>>> print(open('run.txt').read())   # compact mmCIF, C-alpha atoms and all ligand atoms
# COMPACT_ATOMS: atom_id res chain seq x y z
CA MET A 1 -67.61 -50.22 -21.34
CA SER A 2 -68.04 -53.78 -20.02
CA LEU A 3 -70.41 -56.34 -21.57
CA ILE A 4 -74.04 -56.43 -20.50
CA ARG A 5 -73.97 -60.21 -20.48
CA LYS A 6 -72.49 -62.14 -17.56
CA HIS A 7 -71.39 -65.24 -19.49
CA LEU A 8 -70.05 -65.92 -22.98
CA LEU A 9 -71.77 -69.18 -23.89
CA GLY A 10 -71.98 -68.71 -27.65
CA LEU A 11 -72.24 -66.14 -30.43
CA GLU A 12 -75.87 -66.96 -31.27
CA GLY A 13 -77.78 -63.79 -30.46
CA VAL A 14 -74.66 -61.63 -29.96
CA GLU A 15 -75.12 -58.42 -31.91
CA LYS A 16 -72.64 -56.69 -34.24
CA ASP A 17 -71.92 -53.81 -31.79
CA GLU A 18 -70.97 -56.27 -29.09
CA LEU A 19 -68.78 -58.31 -31.46
CA ASN A 20 -67.02 -55.14 -32.60
CA HIS A 21 -66.55 -54.03 -29.00
CA ILE A 22 -64.88 -57.32 -28.04
CA ILE A 23 -62.64 -57.24 -31.13
CA GLN A 24 -61.67 -53.59 -30.57
CA THR A 25 -60.80 -54.38 -26.95
CA ALA A 26 -58.73 -57.34 -28.16
CA THR A 27 -56.86 -55.02 -30.53
CA SER A 28 -55.92 -52.81 -27.55
CA PHE A 29 -54.70 -55.86 -25.64
CA LYS A 30 -52.68 -56.97 -28.67
CA GLU A 31 -50.66 -53.77 -28.25
CA VAL A 32 -50.02 -54.75 -24.61
CA LEU A 33 -48.74 -58.13 -25.79
CA SER A 34 -46.15 -56.44 -28.01
CA ARG A 35 -44.59 -54.53 -25.09
CA PRO A 36 -41.26 -55.65 -23.56
CA PHE A 37 -43.19 -56.43 -20.32
CA PRO A 38 -46.50 -57.77 -21.70
CA LYS A 39 -48.54 -57.71 -18.52
CA VAL A 40 -51.20 -55.46 -16.97
CA PRO A 41 -52.75 -55.53 -13.46
CA THR A 42 -56.34 -55.49 -14.78
CA LEU A 43 -57.57 -58.74 -13.15
CA ARG A 44 -55.33 -58.69 -10.06
CA GLY A 45 -57.25 -60.36 -7.21
CA LYS A 46 -59.58 -62.28 -9.55
CA THR A 47 -59.50 -66.08 -9.57
CA ILE A 48 -60.19 -68.00 -12.77
CA VAL A 49 -60.52 -71.78 -13.19
CA ASN A 50 -59.83 -73.48 -16.51
CA LEU A 51 -61.97 -76.64 -16.63
CA PHE A 52 -60.86 -78.66 -19.64
CA PHE A 53 -62.73 -81.95 -19.92
CA GLU A 54 -61.48 -82.37 -23.52
CA ALA A 55 -58.03 -82.10 -25.08
CA SER A 56 -56.82 -78.69 -26.20
CA THR A 57 -53.57 -77.00 -27.13
CA ARG A 58 -54.41 -73.57 -28.57
CA THR A 59 -57.51 -72.67 -26.53
CA ARG A 60 -56.20 -73.88 -23.20
CA PHE A 61 -52.76 -72.28 -23.54
CA SER A 62 -54.14 -69.00 -24.81
CA PHE A 63 -56.68 -68.73 -21.98
CA GLU A 64 -53.93 -69.51 -19.47
CA LEU A 65 -51.62 -66.98 -21.06
CA ALA A 66 -54.38 -64.36 -21.28
CA GLU A 67 -55.12 -64.82 -17.55
CA LYS A 68 -51.43 -64.48 -16.65
CA ARG A 69 -51.05 -61.38 -18.85
CA LEU A 70 -54.01 -59.85 -16.95
CA SER A 71 -52.46 -60.78 -13.56
CA ALA A 72 -55.35 -63.07 -12.51
CA ASP A 73 -54.83 -66.06 -10.22
CA THR A 74 -55.51 -69.23 -12.20
CA LEU A 75 -56.29 -72.85 -11.44
CA ASN A 76 -55.99 -75.51 -14.11
CA PHE A 77 -58.21 -78.55 -13.95
CA SER A 78 -57.57 -81.67 -15.94
CA VAL A 79 -59.88 -84.65 -15.83
CA SER A 80 -57.07 -87.18 -15.37
CA ALA A 81 -55.91 -85.52 -12.12
CA SER A 82 -59.34 -84.69 -10.65
CA ALA A 83 -62.13 -86.34 -8.66
CA VAL A 84 -64.06 -86.68 -11.98
CA LYS A 85 -61.97 -89.85 -12.35
CA LYS A 86 -63.77 -91.09 -9.21
CA GLY A 87 -67.18 -90.35 -10.71
CA GLU A 88 -67.82 -86.80 -9.46
CA SER A 89 -70.50 -85.03 -11.50
CA LEU A 90 -70.13 -81.72 -13.35
CA ARG A 91 -72.57 -80.07 -10.90
CA ASP A 92 -70.59 -81.26 -7.85
CA THR A 93 -67.29 -80.28 -9.45
CA ALA A 94 -68.69 -76.81 -10.19
CA GLN A 95 -70.22 -76.30 -6.76
CA ASN A 96 -66.98 -77.31 -5.03
CA ILE A 97 -65.05 -74.87 -7.19
CA GLU A 98 -67.67 -72.21 -6.41
CA ALA A 99 -67.20 -72.83 -2.67
CA MET A 100 -63.57 -71.75 -3.13
CA LYS A 101 -64.77 -68.29 -4.26
CA VAL A 102 -63.87 -68.41 -7.92
CA ASP A 103 -64.78 -65.41 -10.10
CA MET A 104 -64.79 -67.01 -13.57
CA VAL A 105 -64.80 -70.47 -15.10
CA VAL A 106 -63.55 -71.33 -18.58
CA ILE A 107 -64.96 -74.69 -19.67
CA ARG A 108 -64.39 -77.08 -22.55
CA HIS A 109 -66.60 -80.15 -22.52
CA ALA A 110 -67.60 -82.89 -24.96
CA ALA A 111 -71.29 -82.34 -24.15
CA ALA A 112 -73.11 -79.55 -25.99
CA GLY A 113 -74.75 -77.32 -23.36
CA ALA A 114 -72.31 -78.10 -20.52
CA PRO A 115 -71.31 -74.38 -20.16
CA HIS A 116 -75.02 -73.39 -20.07
CA PHE A 117 -75.64 -75.98 -17.34
CA LEU A 118 -72.65 -74.67 -15.38
CA ALA A 119 -73.84 -71.08 -15.71
CA ASN A 120 -77.03 -72.13 -13.90
CA CYS A 121 -75.07 -73.83 -11.08
CA ILE A 122 -72.56 -71.16 -10.09
CA LYS A 123 -72.47 -67.45 -9.33
CA GLY A 124 -69.33 -66.62 -11.33
CA SER A 125 -69.06 -65.92 -15.06
CA VAL A 126 -68.77 -68.87 -17.45
CA ILE A 127 -66.90 -68.80 -20.75
CA ASN A 128 -67.48 -71.54 -23.30
CA ALA A 129 -64.12 -72.80 -24.62
CA GLY A 130 -65.88 -75.32 -26.90
CA ASP A 131 -68.90 -77.52 -26.08
CA GLY A 132 -69.25 -80.67 -28.16
CA CYS A 133 -70.47 -79.91 -31.67
CA HIS A 134 -72.25 -76.74 -30.53
CA GLU A 135 -70.22 -73.49 -30.21
CA HIS A 136 -66.67 -72.19 -29.78
CA PRO A 137 -67.27 -68.44 -29.44
CA THR A 138 -63.74 -67.25 -28.68
CA GLN A 139 -62.44 -69.14 -31.75
CA ALA A 140 -64.89 -67.30 -34.01
CA LEU A 141 -63.99 -63.97 -32.36
CA LEU A 142 -60.29 -64.51 -33.03
CA ASP A 143 -61.10 -65.60 -36.59
CA MET A 144 -63.08 -62.39 -37.17
CA MET A 145 -60.33 -60.27 -35.60
CA THR A 146 -57.77 -61.90 -37.93
CA LEU A 147 -59.96 -61.27 -40.98
CA LEU A 148 -60.56 -57.66 -39.94
CA GLU A 149 -56.79 -57.12 -39.66
CA LYS A 150 -56.34 -58.41 -43.20
CA PHE A 151 -59.41 -57.01 -44.97
CA GLY A 152 -60.38 -53.98 -42.82
CA ASP A 153 -64.11 -54.75 -43.12
CA LEU A 154 -66.10 -57.98 -43.25
CA GLN A 155 -69.05 -56.53 -45.17
CA GLY A 156 -69.48 -58.61 -48.33
CA LEU A 157 -66.38 -60.74 -47.67
CA ARG A 158 -66.99 -64.26 -48.98
CA VAL A 159 -65.93 -66.94 -46.51
CA ALA A 160 -66.28 -70.61 -47.47
CA ILE A 161 -66.19 -72.97 -44.49
CA ILE A 162 -65.00 -76.29 -45.88
CA GLY A 163 -65.15 -79.80 -44.45
CA ASP A 164 -66.65 -81.45 -41.40
CA VAL A 165 -69.29 -78.80 -40.62
CA LEU A 166 -71.55 -81.35 -38.89
CA HIS A 167 -69.18 -81.80 -35.95
CA SER A 168 -67.78 -78.28 -35.95
CA ARG A 169 -68.46 -75.87 -33.10
CA VAL A 170 -66.07 -73.49 -34.89
CA ALA A 171 -68.35 -73.46 -37.96
CA ARG A 172 -71.49 -72.72 -35.92
CA SER A 173 -69.94 -69.83 -34.01
CA ASN A 174 -68.45 -68.43 -37.22
CA VAL A 175 -71.79 -68.64 -39.04
CA TYR A 176 -73.42 -66.60 -36.25
CA GLY A 177 -70.55 -64.12 -35.96
CA LEU A 178 -69.51 -63.63 -39.59
CA THR A 179 -73.06 -63.15 -40.87
CA LYS A 180 -73.77 -60.58 -38.11
CA MET A 181 -70.62 -58.74 -39.25
CA GLY A 182 -71.90 -58.63 -42.84
CA ALA A 183 -69.80 -61.39 -44.40
CA GLU A 184 -71.29 -63.89 -46.87
CA VAL A 185 -70.77 -67.46 -45.72
CA ALA A 186 -70.86 -70.73 -47.65
CA LEU A 187 -70.66 -74.22 -46.16
CA CYS A 188 -69.03 -76.88 -48.31
CA GLY A 189 -68.45 -80.56 -47.63
CA PRO A 190 -69.80 -84.04 -48.27
CA SER A 191 -73.60 -83.94 -47.79
CA PRO A 192 -73.50 -86.20 -44.69
CA LEU A 193 -71.13 -83.69 -43.04
CA ILE A 194 -73.46 -80.71 -43.56
CA PRO A 195 -76.03 -80.35 -40.72
CA ILE A 196 -79.61 -81.15 -41.79
CA ARG A 197 -80.89 -77.76 -40.60
CA ALA A 198 -78.08 -75.74 -42.21
CA ASP A 199 -80.51 -74.76 -44.99
CA GLN A 200 -82.25 -72.61 -42.35
CA TRP A 201 -79.03 -70.69 -41.63
CA PRO A 202 -78.20 -67.52 -43.58
CA VAL A 203 -75.56 -69.36 -45.66
CA LYS A 204 -75.04 -70.93 -49.08
CA ILE A 205 -74.59 -74.70 -49.16
CA MET A 206 -72.14 -76.07 -51.72
CA ASN A 207 -71.22 -79.70 -52.31
CA ASN A 208 -68.51 -79.05 -54.90
CA VAL A 209 -65.29 -77.67 -53.49
CA ASP A 210 -64.20 -76.18 -56.83
CA ASP A 211 -67.41 -74.10 -56.86
CA ALA A 212 -66.62 -72.91 -53.32
CA ILE A 213 -63.08 -71.96 -54.35
CA PHE A 214 -64.42 -70.06 -57.37
CA TRP A 215 -66.90 -68.17 -55.14
CA ALA A 216 -64.79 -67.42 -52.06
CA ASP A 217 -62.27 -64.81 -50.91
CA VAL A 218 -61.34 -66.86 -47.84
CA LEU A 219 -61.26 -70.62 -47.23
CA MET A 220 -61.82 -71.58 -43.61
CA VAL A 221 -60.76 -75.22 -43.68
CA LEU A 222 -62.03 -77.50 -40.93
CA ARG A 223 -60.42 -80.53 -39.36
CA ILE A 224 -61.96 -83.90 -40.07
CA GLN A 225 -62.88 -84.79 -36.49
CA MET A 226 -61.86 -88.46 -36.39
CA GLU A 227 -62.93 -88.75 -32.71
CA ARG A 228 -66.52 -87.71 -33.50
CA GLN A 229 -67.15 -89.83 -36.62
CA GLN A 230 -69.82 -92.27 -35.43
CA ALA A 231 -70.86 -93.37 -38.90
CA ASN A 232 -69.23 -93.75 -42.27
CA PHE A 233 -69.77 -90.16 -43.42
CA PHE A 234 -67.34 -90.67 -46.33
CA PRO A 235 -65.71 -93.80 -47.77
CA SER A 236 -62.07 -93.11 -46.78
CA LEU A 237 -59.69 -90.28 -45.91
CA ARG A 238 -58.11 -90.69 -49.34
CA GLU A 239 -61.50 -90.24 -50.98
CA TYR A 240 -62.19 -87.19 -48.78
CA HIS A 241 -58.84 -85.68 -49.76
CA ASN A 242 -59.52 -86.30 -53.45
CA TYR A 243 -62.96 -84.67 -53.43
CA PHE A 244 -62.74 -82.02 -50.69
CA GLY A 245 -59.06 -81.56 -49.81
CA ILE A 246 -57.71 -78.04 -50.34
CA THR A 247 -54.66 -78.73 -52.46
CA VAL A 248 -52.06 -76.74 -54.35
CA ASP A 249 -53.27 -78.35 -57.62
CA ARG A 250 -56.85 -77.32 -56.95
CA LEU A 251 -55.95 -73.68 -56.26
CA ASN A 252 -53.58 -73.62 -59.26
CA ARG A 253 -56.38 -74.91 -61.50
CA ALA A 254 -58.68 -72.18 -60.15
CA ARG A 255 -55.95 -69.57 -60.88
CA LYS A 256 -56.91 -67.82 -57.71
CA THR A 257 -55.07 -66.64 -54.64
CA LEU A 258 -57.18 -67.27 -51.58
CA THR A 259 -56.67 -66.53 -47.92
CA ILE A 260 -56.41 -69.76 -45.94
CA MET A 261 -57.57 -70.22 -42.36
CA HIS A 262 -57.81 -73.27 -40.11
CA PRO A 263 -58.70 -73.41 -36.41
CA GLY A 264 -56.23 -76.25 -35.80
CA PRO A 265 -55.17 -78.88 -35.17
CA ILE A 266 -54.57 -79.58 -38.89
CA ASN A 267 -54.67 -83.02 -40.47
CA ARG A 268 -51.96 -82.09 -42.96
CA GLY A 269 -52.42 -83.75 -46.34
CA ILE A 270 -56.06 -84.65 -45.64
CA GLU A 271 -58.18 -81.48 -45.47
CA LEU A 272 -55.29 -79.13 -46.35
CA ASP A 273 -51.94 -79.42 -48.13
CA SER A 274 -48.97 -78.56 -45.92
CA GLU A 275 -47.63 -76.16 -48.55
CA LEU A 276 -50.85 -74.09 -48.31
CA ALA A 277 -50.97 -74.21 -44.50
CA ASP A 278 -47.45 -72.77 -44.40
CA SER A 279 -47.84 -70.35 -47.34
CA GLU A 280 -47.79 -66.56 -47.25
CA HIS A 281 -51.56 -66.65 -47.83
CA SER A 282 -52.19 -68.62 -44.65
CA LEU A 283 -53.45 -66.78 -41.55
CA ILE A 284 -53.28 -69.88 -39.35
CA LEU A 285 -50.57 -68.63 -36.97
CA ASP A 286 -52.08 -65.11 -36.93
CA GLN A 287 -55.27 -66.76 -35.68
CA VAL A 288 -53.30 -68.34 -32.82
CA THR A 289 -51.59 -65.05 -31.93
CA ASN A 290 -54.92 -63.22 -31.86
CA GLY A 291 -56.38 -65.92 -29.62
CA VAL A 292 -54.50 -64.56 -26.60
CA ALA A 293 -55.69 -60.98 -27.19
CA VAL A 294 -59.30 -62.06 -27.79
CA ARG A 295 -59.35 -64.14 -24.60
CA MET A 296 -57.86 -61.22 -22.63
CA ALA A 297 -60.66 -59.03 -23.98
CA VAL A 298 -63.43 -61.50 -23.10
CA LEU A 299 -62.07 -62.09 -19.58
CA TYR A 300 -61.69 -58.37 -18.97
CA LEU A 301 -65.11 -57.40 -20.35
CA LEU A 302 -66.97 -60.13 -18.45
CA SER A 303 -65.14 -59.27 -15.22
CA GLY A 304 -66.88 -55.89 -15.11
CA GLU A 305 -63.53 -54.25 -14.26
CA LYS A 306 -63.05 -50.65 -15.46
N1 LIG B 1 -58.90 -74.30 -32.26
C1 LIG B 1 -58.97 -75.06 -31.16
O1 LIG B 1 -59.96 -75.08 -30.42
O2 LIG B 1 -57.82 -75.77 -30.91
P1 LIG B 1 -57.57 -76.65 -29.60
O3 LIG B 1 -58.48 -77.83 -29.67
O4 LIG B 1 -56.09 -77.02 -29.63
O5 LIG B 1 -57.90 -75.80 -28.40
>>> encode(input="run.txt", output="structure tokens")
Amino acid sequence: MSLIRKHLLGLEGVEKDELNHIIQTATSFKEVLSRPFPKVPTLRGKTIVNLFFEASTRTRFSFELAEKRLSADTLNFSVSASAVKKGESLRDTAQNIEAMKVDMVVIRHAAAGAPHFLANCIKGSVINAGDGCHEHPTQALLDMMTLLEKFGDLQGLRVAIIGDVLHSRVARSNVYGLTKMGAEVALCGPSPLIPIRADQWPVKIMNNVDDAIFWADVLMVLRIQMERQQANFFPSLREYHNYFGITVDRLNRARKTLTIMHPGPINRGIELDSELADSEHSLILDQVTNGVAVRMAVLYLLSGEK
């Protein structure tokens, strides 16, 4: 069964059946990745362009790897080596790529809505690899897959998303996805870093991190996005660490073992202690591993291949 939708622009409005279908398909591809020759001919003859207008390690590499594992032909675009440097617009870039008969475009862009704009300009499928502070759907899918592997079911699982929610596309996609899957979600951070309209989302809002730790089964810790801080949302990084950092001392005081997640890259020692990031309770590298399988599943399902 392929997906009914043509593009994956976000998880808002994606139903539980569809989320489960993508994650189950990713689980099948994970088995492929464990084979001695981890490659299948599924997307042979398809051409995919990776348009990354913003920096990325995990998402970019895992899309590239997923495309190679599916035998697709891939083109990698980076702003510094493209005509964007000469002032070419997103529409012109997209239409020129389209003229080369591309089947799918993976796009990361600093502007919220850039993938939606692109989807209206080209005939191929568009996958959002992160648009500004809006959505990062494949990250939330890999997060849910990782939680399902650990807990078996997300119904009633308590996930506290901690930190810079305001600038986090990961948080938005996870709120949409996790709540559809039956998890309970709390957002915790300094008030200026919680979106004004978050009280209209189906989540709890907490401003005290110790309360969130007491409540949660899982802590999804977010990066403080230094590059997007346009105002003084908190006095200093030291202050942030003291009040909202997830530390060994804090978890010891709570006498609780919690599962730790982080989408990366981590500001070690600011939002999360290194010892916790590297502990047996951390799923951070499992998230990265599952990223390849999830991206294989999304590419395959959107391609309409059987
Ligand atoms: N999680 C995530 O999007 O990481 P990158 O910015 O390295 O792709």
>>> residues_near_ligand(input="run.txt", ligand="ligand LIG 1 (chain B)", cutoff="7 Å", atoms="all atoms listed in the file", output="PyMOL selection string")
chain A and resi 55-60+130+139+263-265
>>> closest_residue(input="run.txt", among="A:Leu43, A:Cys188, A:Val102, A:Leu237", to="Asn207 of chain A", atoms="only C-alpha atoms")
A:Cys188
>>> atom_distance(input="run.txt", atom1="atom CA of Val294 of chain A", atom2="atom CA of Lys6 of chain A")
16.7 Å
>>> atom_distance(input="run.txt", atom1="atom CA of Leu147 of chain A", atom2="atom CA of Leu302 of chain A")
23.6 Å
>>> atom_distance(input="run.txt", atom1="atom CA of Gln24 of chain A", atom2="atom CA of Gln155 of chain A")
16.6 Å
>>> closest_residue(input="run.txt", among="A:Ala254, A:Ile246, A:Ile284, A:Val165", to="Arg197 of chain A", atoms="all atoms listed in the file")
A:Val165
>>> residues_around(input="run.txt", residues="Ser168 of chain A", least_positions_apart="5", cutoff="8 Å", atoms="all atoms listed in the file", output="list of chain:residue names")
A:Cys133, A:His134, A:Glu135, A:Leu222
>>> write_last_selection(input="run.txt", atoms="C-alpha atoms", output="PDB file, keeping the file's coordinate frame")
ATOM      1  CA  CYS A 133     -70.470 -79.910 -31.670  1.00  0.00           C
ATOM      2  CA  HIS A 134     -72.250 -76.740 -30.530  1.00  0.00           C
ATOM      3  CA  GLU A 135     -70.220 -73.490 -30.210  1.00  0.00           C
ATOM      4  CA  LEU A 222     -62.030 -77.500 -40.930  1.00  0.00           C
TER       5      LEU A 222
END
>>> closest_residue(input="run.txt", among="A:Leu90, A:Ile4, A:Leu141, A:Val175", to="Val292 of chain A", atoms="all atoms listed in the file")
A:Leu141
>>> residues_around(input="run.txt", residues="Thr74 of chain A", least_positions_apart="3", cutoff="8 Å", atoms="all atoms listed in the file", output="list in words")
Thr47, Ile48, Val49, Asn50, Glu64, Glu67 and Lys68 of chain A
>>> write_last_selection(input="run.txt", atoms="C-alpha atoms", output="PDB file, keeping the file's coordinate frame")
ATOM      1  CA  THR A  47     -59.500 -66.080  -9.570  1.00  0.00           C
ATOM      2  CA  ILE A  48     -60.190 -68.000 -12.770  1.00  0.00           C
ATOM      3  CA  VAL A  49     -60.520 -71.780 -13.190  1.00  0.00           C
ATOM      4  CA  ASN A  50     -59.830 -73.480 -16.510  1.00  0.00           C
ATOM      5  CA  GLU A  64     -53.930 -69.510 -19.470  1.00  0.00           C
ATOM      6  CA  GLU A  67     -55.120 -64.820 -17.550  1.00  0.00           C
ATOM      7  CA  LYS A  68     -51.430 -64.480 -16.650  1.00  0.00           C
TER       8      LYS A  68
END
>>> closest_residue(input="run.txt", among="A:Leu178, A:Met226, A:Val126, A:Val248", to="Arg5 of chain A", atoms="only C-alpha atoms")
A:Val126
>>> residues_around(input="run.txt", residues="Val203 of chain A", least_positions_apart="6", cutoff="12 Å", atoms="only C-alpha atoms", output="PyMOL selection string")
chain A and resi 158-161+171-172+174-176+178-180+182-188+194+197
>>> closest_residue(input="run.txt", among="A:Gln225, A:Met220, A:His109, A:Leu276", to="Asp249 of chain A", atoms="all atoms listed in the file")
A:Leu276
>>> residues_around(input="run.txt", residues="segment 35-40 of chain A", least_positions_apart="6", cutoff="10 Å", atoms="only C-alpha atoms", output="list in words")
Phe29, Ala66, Glu67, Lys68, Arg69, Leu70, Ser71 and Ala72 of chain A
>>> residues_around(input="run.txt", residues="Leu3 of chain A", least_positions_apart="5", cutoff="10 Å", atoms="all atoms listed in the file", output="VMD selection string")
chain A and resid 8 18 21 to 22 298 300 to 304
>>> closest_residue(input="run.txt", among="A:Phe244, A:Phe234, A:Phe117, A:Phe52", to="Asp211 of chain A", atoms="all atoms listed in the file")
A:Phe244
>>> decode(input="run.txt", residues="segment 124-133 of chain A", atoms="all heavy atoms", output="PDB file, in the first residue's frame")
ATOM      1  N   GLY A 124       6.884  16.825  -9.249  1.00  0.00           N
ATOM      2  CA  GLY A 124       7.352  15.709  -8.427  1.00  0.00           C
ATOM      3  C   GLY A 124       6.898  15.823  -6.973  1.00  0.00           C
ATOM      4  O   GLY A 124       6.308  16.824  -6.561  1.00  0.00           O
ATOM      5  N   SER A 125       7.179  14.778  -6.207  1.00  0.00           N
ATOM      6  CA  SER A 125       6.847  14.771  -4.771  1.00  0.00           C
ATOM      7  C   SER A 125       7.856  15.606  -3.991  1.00  0.00           C
ATOM      8  O   SER A 125       9.044  15.631  -4.331  1.00  0.00           O
ATOM      9  CB  SER A 125       6.881  13.345  -4.235  1.00  0.00           C
ATOM     10  OG  SER A 125       5.835  12.600  -4.774  1.00  0.00           O
ATOM     11  N   VAL A 126       7.375  16.259  -2.950  1.00  0.00           N
ATOM     12  CA  VAL A 126       8.244  17.079  -2.090  1.00  0.00           C
ATOM     13  C   VAL A 126       8.217  16.510  -0.672  1.00  0.00           C
ATOM     14  O   VAL A 126       7.144  16.199  -0.144  1.00  0.00           O
ATOM     15  CB  VAL A 126       7.771  18.552  -2.078  1.00  0.00           C
ATOM     16  CG1 VAL A 126       8.597  19.383  -1.103  1.00  0.00           C
ATOM     17  CG2 VAL A 126       7.831  19.154  -3.481  1.00  0.00           C
ATOM     18  N   ILE A 127       9.391  16.387  -0.087  1.00  0.00           N
ATOM     19  CA  ILE A 127       9.493  15.936   1.312  1.00  0.00           C
ATOM     20  C   ILE A 127      10.147  17.051   2.119  1.00  0.00           C
ATOM     21  O   ILE A 127      11.227  17.538   1.756  1.00  0.00           O
ATOM     22  CB  ILE A 127      10.323  14.642   1.423  1.00  0.00           C
ATOM     23  CG1 ILE A 127       9.677  13.535   0.595  1.00  0.00           C
ATOM     24  CG2 ILE A 127      10.461  14.219   2.883  1.00  0.00           C
ATOM     25  CD1 ILE A 127      10.534  12.298   0.465  1.00  0.00           C
ATOM     26  N   ASN A 128       9.491  17.430   3.189  1.00  0.00           N
ATOM     27  CA  ASN A 128      10.008  18.480   4.072  1.00  0.00           C
ATOM     28  C   ASN A 128      11.072  17.882   5.005  1.00  0.00           C
ATOM     29  O   ASN A 128      10.762  17.028   5.839  1.00  0.00           O
ATOM     30  CB  ASN A 128       8.843  19.062   4.889  1.00  0.00           C
ATOM     31  CG  ASN A 128       9.274  20.178   5.814  1.00  0.00           C
ATOM     32  OD1 ASN A 128      10.450  20.507   5.895  1.00  0.00           O
ATOM     33  ND2 ASN A 128       8.309  20.753   6.517  1.00  0.00           N
ATOM     34  N   ALA A 129      12.303  18.357   4.863  1.00  0.00           N
ATOM     35  CA  ALA A 129      13.397  17.899   5.742  1.00  0.00           C
ATOM     36  C   ALA A 129      13.673  18.932   6.825  1.00  0.00           C
ATOM     37  O   ALA A 129      14.765  18.958   7.396  1.00  0.00           O
ATOM     38  CB  ALA A 129      14.641  17.642   4.901  1.00  0.00           C
ATOM     39  N   GLY A 130      12.674  19.789   7.108  1.00  0.00           N
ATOM     40  CA  GLY A 130      12.806  20.821   8.137  1.00  0.00           C
ATOM     41  C   GLY A 130      12.631  22.193   7.510  1.00  0.00           C
ATOM     42  O   GLY A 130      13.454  22.586   6.681  1.00  0.00           O
ATOM     43  N   ASP A 131      11.520  22.895   7.869  1.00  0.00           N
ATOM     44  CA  ASP A 131      11.300  24.250   7.334  1.00  0.00           C
ATOM     45  C   ASP A 131      11.188  25.243   8.491  1.00  0.00           C
ATOM     46  O   ASP A 131      10.200  25.282   9.209  1.00  0.00           O
ATOM     47  CB  ASP A 131      10.079  24.298   6.393  1.00  0.00           C
ATOM     48  CG  ASP A 131       8.744  23.955   7.044  1.00  0.00           C
ATOM     49  OD1 ASP A 131       8.717  23.095   7.966  1.00  0.00           O
ATOM     50  OD2 ASP A 131       7.727  24.548   6.656  1.00  0.00           O
ATOM     51  N   GLY A 132      12.240  26.020   8.640  1.00  0.00           N
ATOM     52  CA  GLY A 132      12.268  27.052   9.685  1.00  0.00           C
ATOM     53  C   GLY A 132      11.852  26.500  11.034  1.00  0.00           C
ATOM     54  O   GLY A 132      12.329  25.438  11.452  1.00  0.00           O
ATOM     55  N   CYS A 133      10.944  27.221  11.685  1.00  0.00           N
ATOM     56  CA  CYS A 133      10.462  26.790  13.009  1.00  0.00           C
ATOM     57  C   CYS A 133       9.157  26.021  12.863  1.00  0.00           C
ATOM     58  O   CYS A 133       8.395  25.916  13.835  1.00  0.00           O
ATOM     59  CB  CYS A 133      10.246  28.002  13.915  1.00  0.00           C
ATOM     60  SG  CYS A 133      11.692  29.025  14.083  1.00  0.00           S
TER      61      CYS A 133
END
